[in-house]
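One file, protein_18.cif, carrying mmCIF, C-alpha atoms:
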data_protein
#
loop_
_atom_site.label_atom_id
_atom_site.label_comp_id
_atom_site.auth_asym_id
_atom_site.auth_seq_id
_atom_site.Cartn_x
_atom_site.Cartn_y
_atom_site.Cartn_z
CA MET A 1 17.60 -78.61 43.75
CA THR A 2 19.22 -76.23 41.26
CA GLN A 3 20.24 -72.67 42.07
CA PRO A 4 17.93 -69.84 40.94
CA ILE A 5 18.69 -68.51 37.47
CA ALA A 6 20.13 -65.00 37.40
CA ALA A 7 18.17 -62.38 35.50
CA SER A 8 21.19 -61.75 33.28
CA GLU A 9 20.89 -65.32 31.99
CA LEU A 10 17.27 -64.89 30.93
CA LYS A 11 17.70 -62.20 28.30
CA SER A 12 20.42 -60.87 26.11
CA THR A 13 22.72 -58.27 27.62
CA ASP A 14 24.04 -57.32 24.20
CA PRO A 15 22.87 -53.79 23.34
CA GLU A 16 22.91 -54.58 19.63
CA GLY A 17 20.29 -57.30 19.98
CA PRO A 18 20.13 -61.01 20.86
CA ILE A 19 22.49 -63.42 19.12
CA VAL A 20 21.55 -66.85 17.81
CA PHE A 21 24.50 -69.24 17.68
CA ILE A 22 23.99 -71.89 14.98
CA GLY A 23 26.26 -74.89 15.44
CA THR A 24 26.55 -77.88 13.13
CA PRO A 25 28.61 -81.08 13.29
CA SER A 26 30.04 -81.37 9.78
CA TYR A 27 32.65 -84.09 9.61
CA SER A 28 31.62 -84.86 6.01
CA GLY A 29 30.60 -81.39 4.83
CA CYS A 30 27.05 -80.06 4.46
CA HIS A 31 24.25 -81.07 2.11
CA PRO A 32 23.04 -78.44 -0.40
CA LEU A 33 19.59 -78.45 1.25
CA TYR A 34 21.27 -77.50 4.53
CA VAL A 35 23.17 -74.65 2.85
CA MET A 36 20.06 -73.24 1.19
CA SER A 37 18.05 -73.49 4.41
CA LEU A 38 20.83 -71.84 6.42
CA VAL A 39 21.05 -68.89 4.01
CA GLN A 40 17.29 -68.34 4.19
CA THR A 41 17.32 -68.68 7.98
CA LEU A 42 20.08 -66.08 8.40
CA ARG A 43 18.08 -63.70 6.23
CA ASP A 44 14.89 -64.35 8.22
CA LEU A 45 16.55 -63.87 11.62
CA GLY A 46 18.28 -60.71 10.45
CA SER A 47 14.96 -59.24 9.33
CA LYS A 48 13.59 -59.85 12.84
CA GLY A 49 16.37 -58.09 14.70
CA PHE A 50 18.56 -61.08 15.58
CA ARG A 51 22.26 -61.34 14.98
CA THR A 52 23.79 -64.70 14.17
CA GLN A 53 26.99 -66.66 14.52
CA VAL A 54 27.65 -69.89 12.62
CA TYR A 55 30.11 -72.52 13.81
CA PHE A 56 31.01 -75.90 12.28
CA ALA A 57 32.57 -78.69 14.32
CA MET A 58 34.76 -80.14 11.58
CA ASN A 59 37.12 -83.12 11.42
CA CYS A 60 35.49 -84.80 14.39
CA SER A 61 34.08 -88.25 13.68
CA ILE A 62 32.69 -88.75 17.20
CA ILE A 63 29.30 -87.02 17.36
CA THR A 64 29.41 -86.69 21.16
CA ASN A 65 32.69 -84.76 20.98
CA ALA A 66 31.40 -82.61 18.11
CA ARG A 67 28.31 -81.56 20.07
CA GLU A 68 30.36 -80.75 23.14
CA GLU A 69 32.72 -78.68 20.98
CA LEU A 70 29.68 -76.74 19.75
CA LEU A 71 28.58 -76.28 23.35
CA GLY A 72 32.02 -74.93 24.30
CA ALA A 73 32.03 -72.48 21.38
CA PHE A 74 28.55 -71.29 22.39
CA LEU A 75 29.64 -70.75 26.01
CA ALA A 76 32.60 -68.69 24.79
CA SER A 77 30.24 -66.45 22.80
CA ARG A 78 27.76 -63.80 23.90
CA ALA A 79 24.86 -65.60 22.23
CA GLU A 80 21.58 -66.16 24.02
CA TYR A 81 20.38 -69.10 21.93
CA LEU A 82 22.18 -72.24 20.76
CA ALA A 83 20.68 -73.90 17.70
CA MET A 84 22.19 -77.31 16.91
CA ILE A 85 21.30 -78.40 13.39
CA ASP A 86 22.55 -81.51 11.63
CA ASN A 87 24.27 -81.09 8.27
CA ASP A 88 21.83 -83.28 6.31
CA LEU A 89 18.59 -81.37 6.97
CA GLY A 90 16.40 -78.93 5.06
CA TRP A 91 13.95 -76.75 7.04
CA PRO A 92 11.68 -73.68 6.76
CA ALA A 93 13.39 -70.30 7.01
CA ASP A 94 11.29 -69.18 10.00
CA LEU A 95 11.73 -72.35 12.06
CA ILE A 96 14.27 -70.96 14.56
CA ALA A 97 12.25 -67.76 14.96
CA ARG A 98 9.16 -69.81 15.77
CA MET A 99 11.05 -71.81 18.38
CA ILE A 100 12.37 -68.62 19.99
CA ALA A 101 8.91 -67.05 20.03
CA PHE A 102 7.47 -70.13 21.75
CA GLY A 103 9.35 -69.05 24.85
CA GLU A 104 10.44 -72.39 26.33
CA PRO A 105 14.13 -72.89 27.22
CA MET A 106 14.43 -76.29 25.46
CA THR A 107 12.71 -76.93 22.14
CA ALA A 108 13.25 -79.25 19.19
CA ALA A 109 11.78 -79.97 15.79
CA ALA A 110 10.31 -83.36 14.90
CA VAL A 111 12.62 -84.72 12.20
CA PRO A 112 11.78 -87.75 10.02
CA TYR A 113 14.22 -90.62 10.03
CA ARG A 114 16.10 -91.29 6.79
CA THR A 115 14.49 -94.71 6.34
CA ILE A 116 11.04 -95.63 5.08
CA ASP A 117 8.91 -98.68 5.84
CA ALA A 118 7.82 -99.66 2.33
CA SER A 119 5.32 -102.23 3.61
CA LYS A 120 3.34 -99.49 5.35
CA ILE A 121 3.37 -97.35 2.23
CA GLU A 122 1.93 -100.24 0.22
CA ALA A 123 -0.87 -100.61 2.76
CA GLY A 124 -1.52 -96.87 3.23
CA THR A 125 0.10 -93.61 2.24
CA TYR A 126 3.58 -92.14 2.08
CA SER A 127 3.21 -90.67 5.58
CA ASP A 128 2.43 -94.10 7.02
CA GLY A 129 5.92 -95.25 6.09
CA ILE A 130 7.90 -92.53 7.88
CA THR A 131 8.70 -92.18 11.57
CA PHE A 132 10.02 -89.27 13.60
CA ASN A 133 12.75 -88.82 16.19
CA ILE A 134 10.54 -88.22 19.22
CA THR A 135 9.07 -90.26 22.08
CA PRO A 136 6.23 -91.05 22.22
CA SER A 137 6.32 -91.61 18.47
CA ALA A 138 2.83 -93.02 17.88
CA PRO A 139 0.46 -90.28 16.58
CA GLU A 140 -2.35 -91.39 18.90
CA ALA A 141 -0.04 -91.13 21.93
CA LEU A 142 1.24 -87.72 20.84
CA ALA A 143 -2.31 -86.47 20.45
CA MET A 144 -2.83 -87.05 24.19
CA GLN A 145 0.21 -84.95 25.19
CA PRO A 146 0.00 -81.27 26.19
CA GLN A 147 0.07 -79.14 23.02
CA LYS A 148 0.21 -75.45 22.14
CA ASN A 149 1.09 -73.46 19.04
CA GLY A 150 2.16 -76.56 17.13
CA PHE A 151 4.43 -77.79 19.95
CA VAL A 152 3.84 -81.00 21.90
CA GLN A 153 5.50 -82.01 25.15
CA VAL A 154 7.61 -85.16 24.73
CA SER A 155 9.79 -87.31 26.95
CA GLU A 156 12.63 -87.74 24.43
CA VAL A 157 13.68 -86.22 21.13
CA GLY A 158 16.66 -86.47 18.83
CA THR A 159 19.21 -83.65 18.67
CA ALA A 160 19.02 -83.26 14.88
CA PHE A 161 17.37 -79.83 15.28
CA ILE A 162 17.24 -78.32 18.76
CA LEU A 163 17.19 -74.81 20.22
CA ILE A 164 18.59 -74.29 23.72
CA ARG A 165 18.37 -71.04 25.64
CA ARG A 166 21.46 -70.00 27.60
CA ASP A 167 19.67 -70.17 30.96
CA ALA A 168 18.91 -73.86 30.34
CA VAL A 169 22.58 -74.56 29.62
CA MET A 170 23.66 -72.70 32.76
CA ALA A 171 21.17 -74.63 34.89
CA MET A 172 22.58 -77.93 33.59
CA ILE A 173 26.15 -76.78 34.19
CA ARG A 174 25.38 -75.91 37.79
CA ARG A 175 23.89 -79.37 38.33
CA PHE A 176 26.63 -81.26 36.45
CA ALA A 177 29.65 -79.10 37.20
CA ASP A 178 31.81 -82.22 37.59
CA LEU A 179 31.47 -82.87 33.83
CA GLU A 180 33.75 -79.97 32.89
CA ILE A 181 36.07 -80.93 30.00
CA LEU A 182 38.28 -79.41 27.31
CA VAL A 183 37.30 -80.05 23.68
CA SER A 184 39.38 -78.73 20.76
CA GLY A 185 40.92 -76.21 23.16
CA LEU A 186 37.51 -74.97 24.33
CA PRO A 187 36.27 -75.31 27.92
CA SER A 188 33.01 -77.24 27.78
CA TYR A 189 30.90 -79.78 29.64
CA ALA A 190 30.21 -83.43 28.82
CA LEU A 191 26.44 -82.95 28.86
CA PHE A 192 26.15 -85.19 25.79
CA HIS A 193 28.38 -87.90 27.23
CA GLN A 194 26.67 -91.25 26.74
CA VAL A 195 25.23 -92.89 29.82
CA ILE A 196 24.77 -96.61 30.31
CA GLY A 197 21.35 -98.00 31.11
CA GLY A 198 19.94 -101.49 30.76
CA LYS A 199 23.45 -102.78 30.03
CA LYS A 200 23.78 -100.66 26.89
CA HIS A 201 24.93 -97.20 25.88
CA ALA A 202 22.27 -94.56 25.39
CA GLY A 203 22.66 -92.19 22.47
CA GLU A 204 24.16 -88.75 22.99
CA ASP A 205 20.73 -87.19 22.46
CA THR A 206 19.00 -89.48 24.98
CA SER A 207 21.81 -88.83 27.48
CA PHE A 208 21.59 -85.06 27.08
CA PHE A 209 17.85 -84.90 27.55
CA ALA A 210 17.99 -87.34 30.46
CA ARG A 211 20.21 -84.83 32.27
CA TRP A 212 17.83 -81.99 31.35
CA THR A 213 14.72 -83.76 32.62
CA ALA A 214 16.63 -84.87 35.75
CA ILE A 215 16.70 -81.23 36.88
CA GLY A 216 13.01 -80.76 36.14
CA GLY A 217 13.29 -79.50 32.56
CA GLN A 218 10.58 -80.00 29.95
CA ILE A 219 11.06 -80.82 26.26
CA TRP A 220 8.77 -79.28 23.66
CA ALA A 221 8.85 -80.50 20.05
CA LEU A 222 7.46 -78.60 17.09
CA THR A 223 5.42 -80.99 14.98
CA ASP A 224 4.05 -78.93 12.09
CA ALA A 225 7.27 -77.94 10.30
CA GLU A 226 8.23 -79.44 6.95
CA ILE A 227 11.63 -81.03 7.61
CA THR A 228 13.69 -82.93 5.06
CA HIS A 229 16.28 -85.49 6.18
CA THR A 230 18.69 -86.63 3.47
CA GLY A 231 20.63 -89.87 3.34
CA PRO A 232 20.45 -92.52 0.62
CA MET A 233 17.22 -90.68 -0.26
CA SER A 234 15.52 -87.47 0.82
CA VAL A 235 12.66 -88.08 3.26
CA GLY A 236 10.29 -85.18 3.88
CA GLY A 237 7.70 -85.19 6.63
CA ASN A 238 5.25 -83.13 8.65
CA LEU A 239 4.34 -84.86 11.92
CA ALA A 240 1.30 -82.69 12.64
CA ARG A 241 -0.32 -83.67 9.35
CA LYS A 242 0.38 -87.29 10.12
CA MET A 243 -1.21 -86.90 13.56
CA ASP A 244 -4.45 -85.36 12.25
CA GLY A 245 -4.60 -87.35 9.02
CA THR A 246 -4.57 -84.33 6.70
CA ILE A 247 -1.49 -85.19 4.66
CA ASP A 248 -1.11 -82.96 1.63
CA PRO A 249 -0.86 -85.25 -1.43
CA ALA A 250 1.64 -82.81 -2.97
CA SER A 251 4.06 -83.48 -0.13
CA ARG A 252 4.20 -87.24 -0.68
CA TRP A 253 7.46 -87.67 -2.46
CA ILE A 254 10.56 -89.76 -2.20
CA GLY A 255 13.67 -89.14 -4.20
CA GLY A 256 17.37 -88.62 -4.31
CA ALA A 257 19.29 -85.41 -3.84
CA ASN A 258 17.80 -83.65 -6.90
CA HIS A 259 15.30 -81.50 -5.04
CA ILE A 260 14.97 -77.75 -4.86
CA LEU A 261 14.01 -75.46 -1.99
CA GLU A 262 10.90 -73.54 -2.96
CA GLY A 263 10.07 -70.99 -0.29
CA GLN A 264 9.75 -73.10 2.82
CA ARG A 265 9.10 -76.45 1.15
CA VAL A 266 11.35 -78.94 -0.51
CA VAL A 267 9.81 -80.31 -3.66
CA ALA A 268 10.86 -82.70 -6.35
CA PRO A 269 11.64 -81.19 -9.75
CA PRO A 270 8.72 -81.37 -12.22
CA ALA A 271 8.54 -84.52 -14.28
CA THR A 272 9.40 -84.09 -17.95
CA ALA A 273 7.03 -85.33 -20.65
CA SER A 274 8.16 -88.54 -22.27
CA LEU A 275 9.17 -88.28 -25.93
CA PRO A 276 7.62 -90.58 -28.54
CA ALA A 277 9.76 -93.52 -29.54
CA ALA A 278 11.90 -92.86 -32.60
CA PRO A 279 11.03 -94.96 -35.72
CA PRO A 280 13.48 -97.73 -36.55
CA PRO A 281 16.17 -96.72 -39.07
CA ALA A 282 15.58 -97.62 -42.72
CA PRO A 283 17.71 -100.52 -44.00
CA LEU A 284 20.76 -99.51 -46.02
CA PRO A 285 20.75 -100.36 -49.74
CA ALA A 286 22.87 -103.32 -50.78
CA THR A 287 26.20 -102.42 -52.36
CA ALA A 288 28.30 -104.33 -54.85
CA PRO A 289 31.70 -105.61 -53.71
CA ILE A 290 34.64 -103.42 -54.71
CA ALA A 291 36.89 -104.94 -57.30
CA ALA A 292 40.56 -105.26 -56.57
CA ALA A 293 41.37 -103.24 -59.68
CA GLU A 294 39.50 -100.27 -58.25
CA THR A 295 41.74 -100.16 -55.20
CA GLY A 296 44.99 -100.15 -57.16
CA ALA A 297 46.28 -103.18 -55.24
CA THR A 298 47.11 -106.64 -56.47
CA GLU A 299 46.90 -109.96 -54.76
CA GLN A 300 50.71 -110.14 -54.66
CA GLU A 301 51.03 -106.79 -52.88
CA ALA A 302 50.59 -107.06 -49.12
CA PRO A 303 50.24 -103.94 -46.98
CA LYS A 304 53.56 -102.88 -45.54
CA THR A 305 53.69 -102.91 -41.77
CA GLU A 306 56.45 -101.58 -39.58
CA GLU A 307 58.08 -104.16 -37.41
CA LEU A 308 57.47 -103.52 -33.70
CA PRO A 309 59.64 -104.75 -30.87
CA THR A 310 58.05 -106.77 -28.09
CA ASN A 311 57.61 -103.73 -25.84
CA GLY A 312 55.06 -102.25 -28.24
CA LEU A 313 57.14 -99.20 -29.20
CA ALA A 314 58.05 -98.36 -32.77
CA LYS A 315 61.36 -99.78 -33.84
CA PRO A 316 63.95 -97.00 -34.08
CA ALA A 317 65.40 -96.30 -37.53
CA GLU A 318 68.76 -97.84 -38.34
CA PRO A 319 71.62 -95.29 -38.23
CA THR A 320 73.02 -94.45 -41.64
CA ALA A 321 76.72 -94.35 -42.38
CA SER A 322 78.30 -90.97 -43.00
CA PRO A 323 79.37 -90.41 -46.63
#

Would you kindly transcribe this structure into structure tokens?
Amino acid sequence: MTQPIAASELKSTDPEGPIVFIGTPSYSGCHPLYVMSLVQTLRDLGSKGFRTQVYFAMNCSIITNAREELLGAFLASRAEYLAMIDNDLGWPADLIARMIAFGEPMTAAAVPYRTIDASKIEAGTYSDGITFNITPSAPEALAMQPQKNGFVQVSEVGTAFILIRRDAVMAMIRRFADLEILVSGLPSYALFHQVIGGKKHAGEDTSFFARWTAIGGQIWALTDAEITHTGPMSVGGNLARKMDGTIDPASRWIGGANHILEGQRVVAPPATASLPAAPPPAPLPATAPIAAAETGATEQEAPKTEELPTNGLAKPAEPTASP
């Protein structure tokens, strides 16, 4: 049984307003869609009275270590909320605010995977070919789960886009105090450390949420947000529309990185009209051969060429004797 949560852990003690700490693993930099979404999110949170801190875990190729570095930086701050967002996502500006307003200590957004099952697209629609990072993943199974305000209770979810309230972190630390570590000089806890089950390693996201549910925590995933996940191609998806079958035809697109953020949606640039094929060029008129007399050259005169040495450089001029 965990210890009761102190009242000071439930709400911000900062007189200037609550702080949202946005942390991102960025070993390889950040995608432009991420940057545009982040700018819009900071503006949205600021307009609603929140202050923000942004932290990038750079130069760390091990995702588990990067997430635990973000956790340590959050613990060292005065922030009330920790938002972990992957560097290859695009999302609506008000997404974090919606997750905060929902009021649960552990929430996530349903993010589409960066791969598409083309066979399912051929047999159905674009949405049939994409899957999301939550369990249960089948729309019919999700429809049977408790739901409210666009959120559905799930047993597992990926950590691509999660929001954790400080009281949830403190509850996990009390239960797993033996996991205290030092990451990049920051005191932290190995809450993302991979566990072994069924003779294989679980992912850092599965391991983290296994520890959370082990202390009685619930996971709520937002299903109706338009999230874009970029890899070899950009994959956009809205799980709620897939669940109820009301996919907007305008949102069925697949493409590369050339997409723009338009309000809260990522759309492909408009197609340009094809130009008519140019007519074939007219044949050139035949010309008579040029006589040798017209060139001023005779058959006996050969063009003079400068002798080159074998290294391809011009042969230096011979020195002349002094008079």

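Atom pair CA of Asn59 (chain A) / CA of Tyr27 (chain A): separated by 4.9 Å.
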
Separating CA of Phe50 (chain A) from CA of Ala225 (chain A), to the nearest tenth of an Å, is a gap of 21.0 Å

Contact table region 33-74 of chain A vs region 187-196 of chain A, cut-off 8 Å, shortest pair per residue, only C-alpha atoms, as CSV:
residue,atom,partner,partner_atom,distance
A:Thr64,CA,A:Phe192,CA,5.9
A:Arg67,CA,A:Phe192,CA,7.1
A:Glu68,CA,A:Ala190,CA,6.3
A:Glu69,CA,A:Ser188,CA,7.0
A:Leu71,CA,A:Ser188,CA,6.3
A:Gly72,CA,A:Ser188,CA,4.3

Once the PyMOL selection byres ((chain A and resi 101-105) around 12) has been applied to the shown file, what residues remain in the selection, as a short mmCIF file (atom, residue, chain, number, x, y, z; two decimals) with C-alpha atoms, in the frame of the given file?
data_model
loop_
_atom_site.label_atom_id
_atom_site.label_comp_id
_atom_site.auth_asym_id
_atom_site.auth_seq_id
_atom_site.Cartn_x
_atom_site.Cartn_y
_atom_site.Cartn_z
CA GLU A 9 20.89 -65.32 31.99
CA LEU A 10 17.27 -64.89 30.93
CA LYS A 11 17.70 -62.20 28.30
CA LEU A 45 16.55 -63.87 11.62
CA LYS A 48 13.59 -59.85 12.84
CA GLU A 80 21.58 -66.16 24.02
CA TYR A 81 20.38 -69.10 21.93
CA LEU A 82 22.18 -72.24 20.76
CA ALA A 83 20.68 -73.90 17.70
CA ASP A 94 11.29 -69.18 10.00
CA LEU A 95 11.73 -72.35 12.06
CA ILE A 96 14.27 -70.96 14.56
CA ALA A 97 12.25 -67.76 14.96
CA ARG A 98 9.16 -69.81 15.77
CA MET A 99 11.05 -71.81 18.38
CA ILE A 100 12.37 -68.62 19.99
CA MET A 106 14.43 -76.29 25.46
CA THR A 107 12.71 -76.93 22.14
CA ALA A 108 13.25 -79.25 19.19
CA GLN A 147 0.07 -79.14 23.02
CA LYS A 148 0.21 -75.45 22.14
CA ASN A 149 1.09 -73.46 19.04
CA GLY A 150 2.16 -76.56 17.13
CA PHE A 151 4.43 -77.79 19.95
CA VAL A 152 3.84 -81.00 21.90
CA GLN A 153 5.50 -82.01 25.15
CA ILE A 162 17.24 -78.32 18.76
CA LEU A 163 17.19 -74.81 20.22
CA ILE A 164 18.59 -74.29 23.72
CA ARG A 165 18.37 -71.04 25.64
CA ARG A 166 21.46 -70.00 27.60
CA ASP A 167 19.67 -70.17 30.96
CA ALA A 168 18.91 -73.86 30.34
CA VAL A 169 22.58 -74.56 29.62
CA MET A 170 23.66 -72.70 32.76
CA ALA A 171 21.17 -74.63 34.89
CA MET A 172 22.58 -77.93 33.59
CA TRP A 212 17.83 -81.99 31.35
CA GLY A 216 13.01 -80.76 36.14
CA GLY A 217 13.29 -79.50 32.56
CA GLN A 218 10.58 -80.00 29.95
CA ILE A 219 11.06 -80.82 26.26
CA TRP A 220 8.77 -79.28 23.66
CA ALA A 221 8.85 -80.50 20.05
CA LEU A 222 7.46 -78.60 17.09
#

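Proximity of A:Gly203, A:Pro136, A:Gly23, A:Gly17 to Leu75 (chain A), computed with all atoms listed in the file, is greatest for A:Gly23.
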
Set the distance at 12 Å and use all atoms listed in the file: which residues neighbour Cys30 (chain A) once local chain neighbours fewer than 6 positions away are removed? I'd like the list as a PyMOL selection string.
chain A and resi 24+36-38+56-58+85-90+230-231

Could you check which of A:Ser155, A:Gln145, A:Thr41, A:Thr213 is closest to Trp91 (chain A), using all atoms listed in the file?
A:Thr41

Point-to-point distance in Å for CA of Gly158 (chain A) and CA of Asn133 (chain A):
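CA of Gly158 (chain A) lies 5.3 Å from CA of Asn133 (chain A).
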
For Ala160 (chain A), which residue out of A:Leu142, A:Val183, A:Leu33, A:Ile227 is the nearest one, using all atoms listed in the file?
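Residue with the minimum atom-to-atom distance to Ala160 (chain A): A:Ile227.
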
Which one of A:Cys60, A:Val157, A:Ala76, A:Val39 sits closest to Phe209 (chain A) if you count all atoms listed in the file?
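Among the listed residues, the smallest separation from Phe209 (chain A) belongs to A:Val157.
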